[in-house]
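Coordinates as given in model-v7.tsv (TSV, C-alpha atoms):
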```
chain	number	residue	atom	x	y	z
I	97	PRO	CA	-8.90	-32.16	-6.17
I	98	LEU	CA	-6.55	-35.07	-5.55
I	99	SER	CA	-5.75	-35.47	-9.23
I	100	ALA	CA	-4.52	-31.89	-9.35
I	101	ILE	CA	-2.36	-32.41	-6.26
I	102	SER	CA	-0.81	-35.53	-7.73
I	103	ARG	CA	-0.03	-33.68	-10.93
I	104	TYR	CA	1.72	-30.84	-9.13
I	105	LEU	CA	3.69	-33.08	-6.79
I	106	GLY	CA	4.85	-35.36	-9.57
I	107	GLY	CA	7.69	-33.12	-10.75
I	108	LYS	CA	7.55	-29.74	-12.49
I	109	MET	CA	4.07	-28.31	-12.96
I	110	SER	CA	2.60	-29.38	-16.26
I	111	ALA	CA	-0.19	-26.82	-16.15
I	112	THR	CA	-0.91	-23.50	-14.52
I	113	MET	CA	-2.15	-23.66	-10.96
I	114	SER	CA	-5.50	-22.20	-10.02
I	115	PRO	CA	-6.37	-20.84	-6.57
I	116	ALA	CA	-8.53	-23.94	-6.05
I	117	ASP	CA	-5.59	-26.20	-6.92
I	118	ALA	CA	-3.32	-24.28	-4.55
I	119	LYS	CA	-5.86	-24.56	-1.72
I	120	ALA	CA	-6.24	-28.30	-2.32
I	121	LEU	CA	-2.48	-28.70	-2.32
I	122	ILE	CA	-2.10	-26.84	0.97
I	123	ASP	CA	-5.05	-28.60	2.63
I	124	LYS	CA	-3.63	-32.00	1.76
I	125	TYR	CA	0.02	-31.27	2.59
I	126	LEU	CA	-0.38	-28.51	5.15
I	127	TYR	CA	3.12	-28.52	6.66
I	128	ASP	CA	4.95	-30.69	4.17
I	129	SER	CA	8.14	-29.12	2.83
I	130	SER	CA	7.66	-30.92	-0.49
I	131	VAL	CA	5.07	-28.34	-1.55
I	132	ILE	CA	7.43	-25.37	-1.12
I	133	SER	CA	8.82	-25.61	-4.65
I	134	LYS	CA	5.30	-25.84	-6.08
I	135	LEU	CA	4.14	-22.74	-4.22
I	136	GLU	CA	7.29	-20.93	-5.35
I	137	GLU	CA	6.44	-21.78	-8.95
I	138	TYR	CA	2.93	-20.52	-8.26
I	139	VAL	CA	4.38	-17.17	-7.15
I	140	GLU	CA	6.25	-16.94	-10.46
I	141	GLN	CA	2.99	-17.70	-12.26
I	142	GLN	CA	1.23	-14.88	-10.39
I	143	ILE	CA	3.98	-12.46	-11.40
I	144	LYS	CA	3.73	-13.48	-15.03
I	145	GLU	CA	-0.07	-13.42	-15.19
I	146	ASN	CA	-0.55	-10.38	-12.91
I	147	SER	CA	-2.77	-12.47	-10.65
I	148	TYR	CA	-2.74	-12.76	-6.87
I	149	ASP	CA	-3.34	-15.47	-4.27
I	150	TYR	CA	-2.83	-14.05	-0.80
I	151	ALA	CA	-3.62	-17.29	1.04
I	152	ALA	CA	-1.14	-19.40	-0.95
I	153	ASN	CA	1.63	-16.80	-0.72
I	154	ARG	CA	1.10	-16.37	3.00
I	155	HIS	CA	1.30	-20.13	3.50
I	156	LEU	CA	4.58	-20.24	1.61
I	157	LEU	CA	6.05	-17.75	4.06
I	158	LYS	CA	4.77	-19.91	6.93
I	159	LEU	CA	6.62	-22.88	5.45
I	160	TYR	CA	9.79	-20.79	5.24
I	161	LYS	CA	9.38	-20.19	8.96
I	162	PHE	CA	8.94	-23.91	9.70
I	163	PHE	CA	11.74	-24.93	7.34
I	164	PRO	CA	14.27	-22.04	7.53
I	165	GLU	CA	16.79	-23.91	5.41
I	166	SER	CA	14.33	-23.67	2.50
I	167	GLY	CA	13.86	-19.90	2.75
I	168	ASN	CA	14.25	-18.20	-0.63
I	169	ALA	CA	14.84	-14.45	-0.42
I	170	VAL	CA	14.21	-13.89	-4.13
I	171	VAL	CA	10.78	-15.56	-4.04
I	172	ALA	CA	9.92	-13.94	-0.70
I	173	GLY	CA	10.75	-10.56	-2.23
I	174	LYS	CA	8.26	-11.26	-5.00
I	175	VAL	CA	5.62	-12.25	-2.45
I	176	LEU	CA	6.16	-8.97	-0.60
I	177	THR	CA	6.00	-7.02	-3.86
I	178	LYS	CA	2.66	-8.63	-4.77
I	179	ALA	CA	1.37	-7.89	-1.26
I	180	LEU	CA	2.52	-4.28	-1.50
I	181	MET	CA	0.44	-3.93	-4.65
I	182	GLN	CA	-2.69	-4.48	-2.52
I	183	LEU	CA	-2.33	-1.28	-0.48
I	184	PRO	CA	-4.19	0.14	1.36
I	185	ALA	CA	-5.05	-3.44	2.42
I	186	SER	CA	-2.82	-4.90	5.15
I	187	ASP	CA	-1.44	-7.81	3.08
I	188	TYR	CA	2.11	-6.47	3.04
I	189	VAL	CA	2.38	-6.02	6.82
I	190	SER	CA	0.82	-9.43	7.39
I	191	CYS	CA	3.33	-11.10	5.06
I	192	LEU	CA	6.26	-9.19	6.50
I	193	TYR	CA	5.47	-10.41	10.02
I	194	LEU	CA	5.60	-14.01	8.79
I	195	LEU	CA	8.93	-13.60	7.05
I	196	PRO	CA	11.83	-15.12	9.05
I	197	LEU	CA	14.02	-12.34	10.47
I	198	PRO	CA	17.26	-13.65	8.94
I	199	LEU	CA	15.80	-12.97	5.49
I	200	HIS	CA	15.09	-9.30	6.24
I	201	ASN	CA	18.65	-8.28	5.45
I	202	ASP	CA	18.83	-10.25	2.22
I	203	GLU	CA	18.20	-8.78	-1.20
I	204	PRO	CA	15.77	-8.14	-2.74
I	205	ILE	CA	13.83	-8.15	0.54
I	206	ARG	CA	15.75	-5.24	2.02
I	207	THR	CA	15.03	-3.14	-1.07
I	208	VAL	CA	11.33	-4.05	-1.05
I	209	MET	CA	11.10	-3.08	2.62
I	210	TYR	CA	12.80	0.25	1.92
I	211	MET	CA	10.44	0.99	-0.96
I	212	ALA	CA	7.45	-0.07	1.10
I	213	ASN	CA	8.42	2.42	3.80
I	214	LEU	CA	8.59	5.22	1.22
I	215	LEU	CA	5.18	4.23	-0.09
I	216	GLU	CA	3.52	3.84	3.28
I	217	THR	CA	4.87	7.22	4.43
I	218	PHE	CA	3.74	8.73	1.13
I	219	GLN	CA	7.16	9.99	0.05
I	220	MET	CA	6.08	9.63	-3.56
I	221	ARG	CA	8.67	11.82	-5.29
I	222	LYS	CA	11.45	9.81	-3.69
I	223	PHE	CA	9.60	6.54	-4.30
I	224	TRP	CA	9.29	7.08	-8.06
I	225	LYS	CA	12.90	8.25	-8.28
I	226	GLU	CA	14.21	5.23	-6.38
I	227	LEU	CA	12.05	2.88	-8.45
I	228	GLU	CA	14.09	3.78	-11.51
I	229	GLN	CA	17.32	2.62	-9.88
I	230	LYS	CA	19.00	-0.65	-10.85
I	231	ASN	CA	18.25	-2.45	-7.57
I	232	CYS	CA	14.51	-1.86	-8.09
I	233	LYS	CA	14.44	-3.22	-11.64
I	234	GLU	CA	12.45	-6.32	-10.69
I	235	MET	CA	9.80	-4.31	-8.85
I	236	LEU	CA	9.51	-1.87	-11.74
I	237	GLU	CA	9.09	-4.70	-14.23
I	238	THR	CA	6.49	-6.58	-12.15
I	239	PRO	CA	3.30	-6.51	-14.28
I	240	GLY	CA	0.75	-4.12	-12.81
I	241	PHE	CA	3.04	-2.75	-10.10
I	242	CYS	CA	3.10	0.90	-11.14
I	243	GLU	CA	-0.63	0.81	-11.86
I	244	ALA	CA	-1.34	-0.61	-8.39
I	245	VAL	CA	0.74	2.13	-6.75
I	246	GLU	CA	-1.13	4.78	-8.71
I	247	ILE	CA	-4.48	3.32	-7.60
I	248	PHE	CA	-3.30	3.52	-3.99
I	249	VAL	CA	-2.20	7.15	-4.43
I	250	VAL	CA	-5.53	8.13	-6.00
I	251	LYS	CA	-7.56	6.38	-3.26
I	252	LEU	CA	-5.60	8.07	-0.50
I	253	VAL	CA	-5.71	11.54	-2.05
I	254	LYS	CA	-9.43	11.32	-2.85
I	255	SER	CA	-10.17	10.19	0.71
I	256	THR	CA	-8.25	13.15	2.11
I	257	TYR	CA	-9.05	16.15	-0.10
I	258	PHE	CA	-11.86	17.54	-2.19
I	259	ASP	CA	-9.27	19.33	-4.31
I	260	ILE	CA	-5.48	19.48	-4.54
I	261	SER	CA	-2.96	21.83	-6.08
I	262	MET	CA	-1.89	20.69	-9.52
I	263	SER	CA	1.80	20.83	-8.64
I	264	THR	CA	1.29	18.61	-5.58
I	265	LEU	CA	-0.76	16.08	-7.52
I	266	GLU	CA	1.83	15.91	-10.30
I	267	GLY	CA	4.52	15.30	-7.69
I	268	LEU	CA	2.67	12.25	-6.42
I	269	LEU	CA	2.51	10.60	-9.83
I	270	ARG	CA	5.19	8.78	-11.77
I	271	ASN	CA	4.82	10.78	-14.98
I	272	GLY	CA	3.69	14.05	-13.41
I	273	LYS	CA	1.60	16.23	-15.69
I	274	ASP	CA	0.86	13.47	-18.22
I	275	ASP	CA	-0.55	11.18	-15.52
I	276	ALA	CA	-2.55	14.03	-14.00
I	277	LYS	CA	-4.21	14.75	-17.35
I	278	ARG	CA	-5.01	11.07	-17.88
I	279	LEU	CA	-6.47	10.70	-14.38
I	280	GLN	CA	-8.54	13.84	-14.87
I	281	LYS	CA	-10.13	12.26	-17.90
I	282	ASP	CA	-10.52	8.81	-16.34
I	283	HIS	CA	-12.10	10.07	-13.11
I	284	GLY	CA	-14.02	13.04	-14.44
I	285	TRP	CA	-12.07	15.54	-12.37
I	286	THR	CA	-12.15	19.23	-13.22
I	287	VAL	CA	-9.53	21.97	-13.20
I	288	GLY	CA	-10.00	25.20	-11.28
I	289	ASN	CA	-8.12	28.27	-10.10
I	290	ASP	CA	-6.73	29.00	-13.57
I	291	GLY	CA	-5.28	25.54	-13.92
I	292	LYS	CA	-3.58	25.53	-10.52
I	293	THR	CA	-6.03	23.20	-8.78
I	294	MET	CA	-7.49	19.78	-9.56
I	295	ILE	CA	-10.99	19.38	-8.19
I	296	LEU	CA	-11.33	15.71	-7.29
I	297	SER	CA	-14.98	15.65	-6.25
I	298	LYS	CA	-17.83	17.96	-5.42
I	299	LYS	CA	-18.29	18.25	-1.68
I	300	GLU	CA	-22.01	17.52	-1.96
I	301	LYS	CA	-21.33	14.27	-3.81
I	302	MET	CA	-18.68	13.21	-1.31
I	303	LEU	CA	-21.02	13.83	1.60
I	304	GLU	CA	-23.81	11.87	-0.08
I	305	GLN	CA	-21.50	8.87	-0.43
I	306	GLY	CA	-20.95	8.86	3.32
I	307	GLU	CA	-18.47	6.33	4.53
I	308	GLY	CA	-18.73	4.15	1.45
I	309	GLY	CA	-15.78	5.81	-0.28
I	310	PHE	CA	-13.53	5.50	2.75
I	311	GLN	CA	-13.87	1.84	3.67
I	312	LYS	CA	-10.27	0.75	3.24
I	313	ILE	CA	-8.45	3.97	4.12
I	314	THR	CA	-7.35	4.14	7.74
I	315	LEU	CA	-6.94	7.28	9.84
I	316	GLN	CA	-3.25	6.43	10.19
I	317	GLN	CA	-2.80	6.40	6.42
I	318	VAL	CA	-4.63	9.67	5.96
I	319	SER	CA	-2.58	11.32	8.74
I	320	LYS	CA	0.58	10.59	6.78
I	321	VAL	CA	-0.75	12.37	3.72
I	322	LEU	CA	-2.05	15.56	5.33
I	323	PRO	CA	1.31	17.24	6.05
I	324	LEU	CA	2.53	16.46	2.55
I	325	LEU	CA	-0.39	18.07	0.79
I	326	GLN	CA	-0.50	21.36	2.68
```
Kindly present the structure from the file in structure tokens form.
Amino acid sequence: PLSAISRYLGGKMSATMSPADAKALIDKYLYDSSVISKLEEYVEQQIKENSYDYAANRHLLKLYKFFPESGNAVVAGKVLTKALMQLPASDYVSCLYLLPLPLHNDEPIRTVMYMANLLETFQMRKFWKELEQKNCKEMLETPGFCEAVEIFVVKLVKSTYFDISMSTLEGLLRNGKDDAKRLQKDHGWTVGNDGKTMILSKKEKMLEQGEGGFQKITLQQVSKVLPLLQ
């Protein structure tokens, strides 16, 4: 609505922005650099509230491309972090392609890209270790980040294996054995082979579900996991 646009353009935001407000703002001022600061504030709001607006964030990166002098590496790093939290969806790759190349070597973007590579190649032990380092502090403290990564790990493992060795599963999780026990309870998994194996799902049940449980997991993603779990 026009009243919402006027409110946001008239100085610092006086209220939180909704996705509808952001869309109205973008539709009205599609390639106007004056909305950049408002969309940047909206990114900060998403971080604080653990919400997500892919369309608005993507448009902000487009504006950085059109107005390179306005590019903000700190905000762009937060946009990439939020996009990374959507794995296995392709939001992160889509946002990265829009990001002006000169920003790729700036921090925190370089760190986010490095961490994203570890995550996408499923180097989870190294990922969790690196996440505790000082240069990853902002990612670690992003509300919902660790939970989103865990959801991605669980989706990918469940789409690849009926069961997995306990030691391998613990190595994929931030808190190892404690997380494995919690996930067992949350997902109704069972333990077999004298505690050495976590049974993720009965084969009969998996087959009955057909392709429904695999909708967002690509063959490329699964192929990266297979060598690590053998």
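CA of Val131 (chain I) is found 28.1 Å from CA of Leu183 (chain I).
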To one decimal place, how far is CA of Gln229 (chain I) from CA of Met211 (chain I) in Å?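 Between these atoms lies a distance of 11.4 Å.
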Quick one: pull the distance between CA of Lys273 (chain I) and CA of Phe241 (chain I), Å, one decimal.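 According to the coordinates, CA of Lys273 (chain I) and CA of Phe241 (chain I) are separated by 19.8 Å.
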Output as JSON the centre and edge lengths (Å, one decimal) of the box along x, y and z of the file that holds every listed atom of region 178-190 of chain I after adding 4 Å on each side.
```
{"center_x": -1.2, "center_y": -4.6, "center_z": 1.3, "size_x": 15.7, "size_y": 17.6, "size_z": 20.2}
```
Show me, as JSON lines, the residues of region 121-205 of chain I having an atom within 7 Å of region 110-117 of chain I, each with the closest atom pair and its distance in Å, using all atoms listed in the file.
```
{"residue": "I:Leu121", "atom": "CA", "partner": "I:Asp117", "partner_atom": "CA", "distance": 6.1}
{"residue": "I:Tyr138", "atom": "CA", "partner": "I:Met113", "partner_atom": "CA", "distance": 6.6}
{"residue": "I:Asp149", "atom": "CA", "partner": "I:Pro115", "partner_atom": "CA", "distance": 6.6}
```
Using C-alpha atoms, can you export the residues from the last selection as a CSV table (one decimal), in the frame of the given file?
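Result file follows (selection_16.csv):
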```
chain,number,residue,atom,x,y,z
I,121,LEU,CA,-2.5,-28.7,-2.3
I,138,TYR,CA,2.9,-20.5,-8.3
I,149,ASP,CA,-3.3,-15.5,-4.3
```
For a quick check of your reading of the model, name the residues lying within 12 Å of the coordinate (1.1, 14.6, -10.3), counting all atoms listed in the file, and write them as a PyMOL selection string. chain I and resi 220-221+224+246+249-250+253+260-280+292-294+325
Exercise: Leu176 (chain I) partners within 10 Å, all atoms listed in the file, chain neighbours under 3 positions left out, as a compact mmCIF listing (two decimals) with C-alpha atoms, in the frame of the given file:
```txt
# COMPACT_ATOMS: atom_id res chain seq x y z
CA ASN I 153 1.63 -16.80 -0.72
CA ARG I 154 1.10 -16.37 3.00
CA LEU I 157 6.05 -17.75 4.06
CA VAL I 171 10.78 -15.56 -4.04
CA ALA I 172 9.92 -13.94 -0.70
CA GLY I 173 10.75 -10.56 -2.23
CA ALA I 179 1.37 -7.89 -1.26
CA LEU I 180 2.52 -4.28 -1.50
CA MET I 181 0.44 -3.93 -4.65
CA ASP I 187 -1.44 -7.81 3.08
CA TYR I 188 2.11 -6.47 3.04
CA VAL I 189 2.38 -6.02 6.82
CA SER I 190 0.82 -9.43 7.39
CA CYS I 191 3.33 -11.10 5.06
CA LEU I 192 6.26 -9.19 6.50
CA LEU I 195 8.93 -13.60 7.05
CA PRO I 204 15.77 -8.14 -2.74
CA ILE I 205 13.83 -8.15 0.54
CA VAL I 208 11.33 -4.05 -1.05
CA MET I 209 11.10 -3.08 2.62
CA ALA I 212 7.45 -0.07 1.10
```
Selected residue, from I:Ile295, I:Val245, I:Asn201, I:Lys158, that lies nearest to Tyr257 (chain I) when counting only C-alpha atoms: I:Ile295
Find the residues around Phe163 (chain I) up to 10 Å (only C-alpha atoms counted), leave out those fewer than 6 positions away in its own chain, and share them as a PyMOL selection string. chain I and resi 127-129+132+157+196
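Using only C-alpha atoms for every distance, the candidate list I:Gln219, I:Leu126, I:Lys174, I:Glu140 yields I:Leu126 as the residue closest to Phe162 (chain I).
Ranking I:Tyr150, I:Tyr160, I:Phe218, I:Phe223 by their shortest atom-to-atom distance to Pro198 (chain I), with all atoms listed in the file included, puts I:Tyr160 first.
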Using all atoms listed in the file, the shortest atom-to-atom distance to Glu216 (chain I) among I:Ser133, I:Gln141, I:Ser147, I:Gln182 belongs to I:Gln182
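Between Thr177 (chain I) and the residues I:Glu203, I:Glu137, I:Glu228, I:Glu234, the shortest atom-to-atom distance, using only C-alpha atoms, involves I:Glu234.
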